[in-house]
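Visitor: Here you go, my_file29.txt (compact mmCIF, C-alpha atoms):
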# COMPACT_ATOMS: atom_id res chain seq x y z
CA MET A 1 -3.97 -23.86 -4.13
CA SER A 2 -2.58 -27.20 -3.17
CA ASP A 3 0.23 -29.75 -3.12
CA SER A 4 -1.68 -30.78 -4.73
CA VAL A 5 -0.13 -32.83 -6.40
CA ASN A 6 -3.47 -31.28 -6.54
CA THR A 7 -5.34 -30.84 -3.35
CA PRO A 8 -3.77 -31.26 0.07
CA GLU A 9 -4.60 -34.13 2.34
CA ALA A 10 -4.62 -31.80 5.33
CA THR A 11 -5.86 -28.41 4.16
CA ARG A 12 -5.02 -25.47 6.37
CA PRO A 13 -8.03 -23.66 7.90
CA ALA A 14 -7.41 -20.43 5.97
CA GLU A 15 -7.14 -22.33 2.72
CA ALA A 16 -10.26 -24.33 3.48
CA ALA A 17 -12.13 -21.07 3.96
CA GLN A 18 -10.84 -19.77 0.64
CA ARG A 19 -12.07 -22.88 -1.14
CA SER A 20 -15.59 -22.65 0.26
CA ALA A 21 -17.76 -21.16 -2.45
CA PRO A 22 -21.16 -19.66 -1.62
CA GLY A 23 -24.29 -21.05 -3.15
CA PRO A 24 -26.88 -23.71 -2.52
CA SER A 25 -25.67 -27.25 -2.14
CA ALA A 26 -26.40 -29.74 -4.89
CA ARG A 27 -27.84 -32.71 -3.05
CA THR A 28 -29.29 -35.54 -5.09
CA SER A 29 -30.20 -39.03 -4.02
CA ARG A 30 -28.38 -41.84 -5.81
CA SER A 31 -28.04 -45.54 -5.29
CA LYS A 32 -24.95 -47.10 -3.76
CA GLY A 33 -22.10 -47.27 -6.26
CA GLU A 34 -23.72 -44.82 -8.65
CA PRO A 35 -21.19 -42.15 -9.74
CA ARG A 36 -21.72 -38.67 -8.36
CA PHE A 37 -21.39 -37.08 -11.81
CA PRO A 38 -21.98 -39.76 -14.48
CA ASP A 39 -20.52 -37.62 -17.27
CA GLY A 40 -18.17 -35.63 -15.05
CA PRO A 41 -14.90 -36.16 -13.16
CA GLN A 42 -14.43 -39.70 -11.91
CA PRO A 43 -13.57 -40.39 -8.24
CA ASP A 44 -10.37 -42.32 -9.07
CA PRO A 45 -9.66 -42.09 -12.80
CA ALA A 46 -6.37 -44.03 -12.72
CA GLY A 47 -7.83 -46.76 -10.51
CA SER A 48 -5.32 -49.42 -9.51
CA HIS A 49 -3.33 -49.31 -12.75
CA PHE A 50 -0.32 -47.66 -11.10
CA GLU A 51 1.83 -48.19 -8.04
CA ARG A 52 0.69 -46.97 -4.65
CA ARG A 53 3.15 -44.40 -3.42
CA ILE A 54 3.22 -41.71 -0.79
CA ARG A 55 1.16 -38.91 -2.29
CA SER A 56 0.98 -35.23 -1.54
CA PHE A 57 -2.81 -35.13 -1.92
CA GLN A 58 -6.02 -36.93 -1.13
CA PRO A 59 -9.36 -36.25 -2.84
CA ARG A 60 -11.87 -34.55 -0.53
CA ARG A 61 -15.59 -35.01 -0.88
CA SER A 62 -16.62 -31.42 -0.18
CA ARG A 63 -20.07 -29.98 -0.78
CA VAL A 64 -20.78 -29.03 -4.38
CA THR A 65 -23.14 -26.12 -5.07
CA THR A 66 -25.92 -26.32 -7.62
CA GLY A 67 -24.01 -24.01 -9.97
CA GLN A 68 -20.84 -26.09 -9.72
CA ALA A 69 -22.76 -29.31 -10.32
CA ASP A 70 -24.44 -27.79 -13.36
CA ALA A 71 -21.08 -26.71 -14.78
CA LEU A 72 -19.62 -30.18 -14.23
CA ALA A 73 -22.57 -31.85 -15.93
CA ARG A 74 -22.59 -29.54 -18.94
CA LEU A 75 -18.95 -28.62 -19.47
CA TRP A 76 -16.89 -31.60 -18.29
CA PRO A 77 -17.35 -33.63 -21.50
CA GLN A 78 -15.97 -30.68 -23.48
CA TRP A 79 -13.40 -29.09 -21.15
CA GLY A 80 -12.60 -31.79 -18.60
CA LEU A 81 -9.91 -34.45 -18.58
CA ASP A 82 -9.78 -37.52 -16.34
CA ILE A 83 -6.16 -38.46 -15.68
CA ASP A 84 -6.35 -42.21 -16.16
CA GLY A 85 -2.80 -42.80 -17.44
CA GLN A 86 -4.12 -44.97 -20.25
CA ARG A 87 -3.36 -42.73 -23.24
CA VAL A 88 -1.02 -40.03 -24.45
CA ILE A 89 -2.66 -36.64 -24.89
CA ASP A 90 -2.34 -34.55 -28.03
CA LEU A 91 -2.40 -31.09 -26.44
CA ALA A 92 -3.13 -29.35 -29.73
CA GLU A 93 -6.17 -31.57 -30.14
CA LEU A 94 -7.23 -31.06 -26.53
CA PHE A 95 -7.23 -27.27 -26.87
CA GLY A 96 -8.06 -27.03 -30.56
CA ASN A 97 -4.94 -25.01 -31.36
CA ALA A 98 -1.14 -25.14 -31.20
CA ASN A 99 -0.68 -22.36 -28.65
CA PRO A 100 1.82 -22.90 -25.81
CA VAL A 101 0.52 -24.89 -22.84
CA VAL A 102 1.18 -24.21 -19.16
CA LEU A 103 0.42 -26.89 -16.57
CA GLU A 104 -0.96 -25.61 -13.27
CA ILE A 105 -0.95 -28.12 -10.42
CA GLY A 106 -3.48 -27.26 -7.72
CA PHE A 107 -5.81 -24.34 -8.44
CA GLY A 108 -8.13 -24.20 -5.42
CA MET A 109 -11.40 -22.61 -6.51
CA GLY A 110 -9.91 -21.45 -9.78
CA GLU A 111 -10.25 -17.67 -9.46
CA ALA A 112 -6.57 -16.96 -10.08
CA THR A 113 -6.45 -19.47 -12.94
CA ALA A 114 -9.38 -17.79 -14.65
CA GLN A 115 -7.79 -14.36 -14.25
CA MET A 116 -4.50 -15.56 -15.76
CA ALA A 117 -6.33 -17.25 -18.64
CA ALA A 118 -8.27 -14.06 -19.39
CA ALA A 119 -5.09 -11.96 -19.31
CA ALA A 120 -3.21 -14.30 -21.71
CA PRO A 121 -5.74 -15.74 -24.20
CA ASP A 122 -2.95 -17.05 -26.46
CA THR A 123 -1.62 -19.29 -23.68
CA ASN A 124 -3.45 -22.53 -22.91
CA ILE A 125 -3.75 -23.58 -19.26
CA LEU A 126 -4.14 -27.22 -18.26
CA ALA A 127 -5.24 -26.86 -14.63
CA VAL A 128 -5.14 -30.02 -12.50
CA ASP A 129 -6.78 -30.63 -9.14
CA VAL A 130 -8.86 -33.26 -7.35
CA HIS A 131 -11.18 -30.89 -5.51
CA THR A 132 -14.59 -31.36 -7.13
CA PRO A 133 -16.15 -28.00 -6.09
CA GLY A 134 -13.07 -26.21 -7.41
CA GLN A 135 -13.29 -28.08 -10.70
CA GLY A 136 -16.92 -27.04 -11.10
CA ASN A 137 -16.16 -23.48 -10.07
CA LEU A 138 -13.34 -23.10 -12.58
CA LEU A 139 -15.50 -24.51 -15.37
CA ASN A 140 -18.17 -21.98 -14.40
CA LEU A 141 -15.68 -19.11 -14.44
CA ALA A 142 -14.29 -20.23 -17.80
CA GLU A 143 -17.74 -20.29 -19.35
CA GLN A 144 -18.74 -16.94 -17.88
CA GLY A 145 -15.53 -15.34 -19.12
CA GLY A 146 -15.55 -17.02 -22.53
CA LEU A 147 -12.20 -18.61 -21.70
CA THR A 148 -11.61 -21.24 -24.34
CA ASN A 149 -7.96 -21.63 -23.28
CA VAL A 150 -8.69 -23.54 -20.04
CA ARG A 151 -8.94 -27.29 -19.59
CA VAL A 152 -9.54 -28.89 -16.20
CA GLY A 153 -7.70 -32.08 -15.28
CA ASN A 154 -8.91 -34.45 -12.56
CA GLY A 155 -6.46 -36.79 -10.88
CA ASP A 156 -2.80 -37.31 -10.09
CA ALA A 157 -0.51 -34.82 -11.82
CA ILE A 158 2.39 -37.27 -11.50
CA ILE A 159 0.53 -39.78 -13.67
CA LEU A 160 -0.32 -37.00 -16.11
CA LEU A 161 3.32 -36.00 -16.45
CA ARG A 162 4.73 -39.50 -16.60
CA GLU A 163 2.15 -41.34 -18.68
CA MET A 164 0.09 -38.86 -20.67
CA LEU A 165 2.32 -35.99 -21.82
CA THR A 166 5.03 -36.11 -24.47
CA PRO A 167 8.58 -34.77 -24.05
CA ASP A 168 8.99 -30.99 -24.38
CA SER A 169 5.22 -30.51 -24.64
CA LEU A 170 4.87 -27.91 -21.88
CA ASP A 171 5.92 -24.27 -21.96
CA GLY A 172 5.47 -23.71 -18.26
CA LEU A 173 4.66 -25.24 -14.87
CA ARG A 174 2.88 -23.42 -12.03
CA VAL A 175 2.61 -24.63 -8.45
CA TYR A 176 1.01 -21.98 -6.26
CA PHE A 177 0.63 -22.40 -2.50
CA PRO A 178 1.07 -26.17 -2.28
CA ASP A 179 0.42 -27.77 1.06
CA PRO A 180 3.61 -27.30 3.11
CA TRP A 181 3.23 -30.48 5.18
CA PRO A 182 4.84 -28.64 8.09
CA LYS A 183 5.54 -31.65 10.34
CA LYS A 184 8.97 -33.09 9.69
CA ARG A 185 7.67 -36.63 9.33
CA HIS A 186 5.42 -35.41 6.51
CA HIS A 187 8.10 -33.57 4.51
CA LYS A 188 8.33 -36.57 2.17
CA ARG A 189 4.82 -35.69 1.01
CA ARG A 190 5.86 -32.28 -0.30
CA LEU A 191 5.53 -31.98 -4.06
CA ILE A 192 8.66 -30.00 -4.87
CA GLN A 193 11.34 -32.69 -4.54
CA PRO A 194 14.28 -33.64 -6.80
CA GLU A 195 12.43 -36.64 -8.23
CA PHE A 196 9.42 -34.53 -9.19
CA LEU A 197 11.63 -31.91 -10.86
CA THR A 198 13.44 -34.59 -12.85
CA LEU A 199 10.10 -35.88 -14.15
CA ALA A 200 8.81 -32.39 -14.91
CA ALA A 201 12.00 -31.52 -16.77
CA THR A 202 11.32 -34.28 -19.29
CA ARG A 203 8.02 -32.65 -20.26
CA LEU A 204 9.14 -29.03 -20.23
CA ALA A 205 10.50 -27.48 -23.40
CA PRO A 206 13.88 -25.72 -23.20
CA SER A 207 13.48 -22.26 -21.62
CA ALA A 208 10.09 -23.19 -20.14
CA THR A 209 9.45 -21.56 -16.77
CA VAL A 210 8.75 -23.23 -13.45
CA HIS A 211 6.94 -20.83 -11.14
CA CYS A 212 6.30 -21.73 -7.51
CA ALA A 213 4.85 -19.60 -4.73
CA THR A 214 4.35 -20.31 -1.03
CA ASP A 215 3.65 -18.47 2.19
CA TRP A 216 5.42 -21.14 4.27
CA GLU A 217 9.01 -19.95 4.61
CA PRO A 218 10.60 -23.32 5.49
CA TYR A 219 9.03 -24.81 2.37
CA ALA A 220 10.20 -21.85 0.29
CA GLU A 221 13.73 -22.52 1.54
CA GLN A 222 13.44 -26.18 0.53
CA MET A 223 12.07 -25.25 -2.90
CA LEU A 224 14.93 -22.86 -3.48
CA GLU A 225 17.46 -25.43 -2.34
CA VAL A 226 16.22 -28.25 -4.58
CA LEU A 227 15.71 -26.01 -7.63
CA ASP A 228 19.16 -24.45 -7.24
CA ALA A 229 20.72 -27.90 -7.01
CA HIS A 230 18.87 -29.44 -9.95
CA PRO A 231 20.94 -29.58 -13.15
CA ASP A 232 17.91 -29.10 -15.42
CA PHE A 233 16.92 -25.70 -14.02
CA GLU A 234 18.45 -22.27 -13.54
CA ASN A 235 17.23 -19.29 -11.56
CA THR A 236 15.83 -16.51 -13.74
CA ARG A 237 17.33 -14.03 -11.28
CA THR A 238 21.02 -13.68 -12.00
CA GLU A 239 21.63 -12.74 -8.37
CA GLY A 240 19.75 -15.83 -7.21
CA GLY A 241 17.14 -16.12 -4.50
CA TYR A 242 13.45 -15.39 -4.63
CA ALA A 243 11.71 -13.35 -7.30
CA PRO A 244 9.24 -10.50 -6.82
CA ARG A 245 5.66 -11.55 -7.46
CA PRO A 246 5.24 -11.22 -11.22
CA ALA A 247 2.35 -9.10 -12.44
CA PHE A 248 0.72 -12.06 -14.17
CA ARG A 249 0.17 -13.95 -10.90
CA PRO A 250 -2.98 -12.51 -9.28
CA LEU A 251 -3.12 -11.78 -5.58
CA THR A 252 -5.61 -14.36 -4.30
CA ARG A 253 -7.95 -14.01 -1.33
CA PHE A 254 -6.05 -16.74 0.48
CA GLU A 255 -2.76 -14.94 -0.13
CA GLY A 256 -4.24 -11.63 1.01
CA GLN A 257 -5.43 -13.21 4.25
CA GLY A 258 -1.93 -14.52 4.85
CA LEU A 259 -0.33 -11.17 4.17
CA ASP A 260 -2.76 -9.52 6.60
CA LYS A 261 -1.49 -11.96 9.23
CA GLY A 262 2.13 -11.11 8.53
CA HIS A 263 2.97 -14.11 6.36
CA VAL A 264 5.82 -13.72 3.89
CA VAL A 265 5.04 -14.90 0.37
CA ASN A 266 7.98 -16.06 -1.74
CA ASP A 267 7.92 -16.59 -5.51
CA LEU A 268 10.47 -18.75 -7.30
CA LEU A 269 11.00 -18.44 -11.05
CA PHE A 270 13.30 -20.98 -12.67
CA ARG A 271 13.98 -21.79 -16.30
CA ARG A 272 14.39 -25.19 -17.96
CA VAL A 273 17.93 -25.17 -19.32
CA PRO A 274 18.49 -26.33 -22.93
CA HIS A 275 19.09 -30.05 -23.31
CA GLY A 276 22.74 -30.97 -23.02
CA THR A 277 23.72 -27.78 -21.20
CA PRO A 278 26.31 -28.64 -18.55
Go ahead and express the file in the form of structure tokens.

Guide:
Amino acid sequence: MSDSVNTPEATRPAEAAQRSAPGPSARTSRSKGEPRFPDGPQPDPAGSHFERRIRSFQPRRSRVTTGQADALARLWPQWGLDIDGQRVIDLAELFGNANPVVLEIGFGMGEATAQMAAAAPDTNILAVDVHTPGQGNLLNLAEQGGLTNVRVGNGDAIILLREMLTPDSLDGLRVYFPDPWPKKRHHKRRLIQPEFLTLAATRLAPSATVHCATDWEPYAEQMLEVLDAHPDFENTRTEGGYAPRPAFRPLTRFEGQGLDKGHVVNDLLFRRVPHGTP
């Protein structure tokens, strides 16, 4: 996954290995300035319309396999969303139904997202990342599994939340294994900060769940601290602290590799408190 906001600027080696999907590379010659996928995700959908701030991600131009490129070309016009910040999204129109919508920020190669979508077909998942191979892979998995409840967003999740979603439109937020930015001078790049939670709270319906997971214990401690202190959220565990991994969150290959190395994975499950609750 990523901190993302969608894909980390400095991906850890284990995570980079997880993201590498087998398959032949899609190499095509194109003239200078010609878009990589004319009808697919754009390199910088928001362009220069919004302020330049310190971001927790940077798009990476990784190799795209033939299968991923084919999925992007065929499925992006139907199931993809460029986050340009220029319009407000009608989520019911985007998904073709009024089912609850969960926003997932950073999905890596999309395997866990596809598994969760298959297990809960009545829940729509808007999965956002900037990693082109992962976008193509998730579209591929969605098509293979007949998963009509997945839409893939490309771009900055902050712009999506602030400019393109309406108040109380989300029933959940998932941030799994964001980049921990371990160096102290980079902590300001971490996604889970008070300002981000304040923004997210405006788009989450009362009782919506925020679910974070990380294998970086110092980051888990920071997440717990800022979520505990935020007036718009309450811990779903009455005794406080971390939650056991819920059954609906699949154990990913990346997570399994970390556990084999002795990493401790912490889940945090918080609830959006009703508006006006002191």

Visitor: Counting all atoms listed in the file, what is within 12 Å of Pro231 in chain A, bar same-chain residues fewer than 3 positions away, as a list in words?

Guide: Pro194, Leu197, Thr198, Ala201, Val226, Leu227, Asp228, Glu234, Asn235, Phe270, Arg271, Arg272, Val273, Pro274, His275, Gly276, Thr277 and Pro278 of chain A

Visitor: Around the point (4.1, -24.5, -7.4), in the coordinates given by the file, pick out the residues reaching within 8 Å, counting all atoms listed in the file, and return them as a PyMOL selection string.

Guide: chain A and resi 3+104-105+173-178+192+210-214

Visitor: Could you work out how far CA of Pro41 in chain A lies from CA of Ile159 in chain A, giving the answer in Å with one decimal?

Guide: 15.9 Å

Visitor: Looking at all atoms listed in the file, which of A:Gly85, A:Pro180, A:Pro77, A:Gly134 is the one that sits closest to Ala157 in chain A?

Guide: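 Of all the options, A:Gly85 lies closest to Ala157 in chain A.
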
Visitor: Go through A:Leu204, A:Leu170, A:Leu161, A:Leu141 one by one, measure the shortest atom-to-atom distance of each to Gly67 in chain A using all atoms listed in the file, and give the residue with the smallest value.

Guide: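 Residue with the minimum atom-to-atom distance to Gly67 in chain A: A:Leu141.
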
Visitor: Have a look at A:Pro167, A:Gly80, A:Gly256, A:Pro250 and name the one nearest to Ala112 in chain A; count only C-alpha atoms.

Guide: A:Pro250

Visitor: Counting all atoms listed in the file, which of A:Ala69, A:Ile125, A:Met109, A:Leu269 gets nearest to Leu91 in chain A?

Guide: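 Closest residue, counting all atoms listed in the file: A:Ile125.
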
Visitor: A:Thr113, A:Asn97, A:Gln144, A:Gln193: which is nearest Phe248 in chain A, counting all atoms listed in the file?

Guide: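 With all atoms listed in the file as the atom set, the closest residue is A:Thr113.
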
Visitor: Record the distance separating CA of Gly153 in chain A and CA of Ile83 in chain A, expressed in Å with one decimal.

Guide: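 These atoms are spaced 6.6 Å apart.
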
Visitor: What is the distance between CA of Leu72 in chain A and CA of Asn140 in chain A, in Å to one decimal?

Guide: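 Distance between the two atoms: 8.3 Å.
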
Visitor: Tell me, as a VMD selection string, which residues lie within 9 Å of Met164 in chain A, counting only C-alpha atoms; anything in the same chain fewer than 6 positions away does not count.

Guide: chain A and resid 83 to 90

Visitor: Counting all atoms listed in the file, figure out which residue out of A:Phe196, A:Asp232, A:Met116, A:Pro45 gets nearest to Pro246 in chain A.

Guide: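 Closest to Pro246 in chain A of all the choices is A:Met116.
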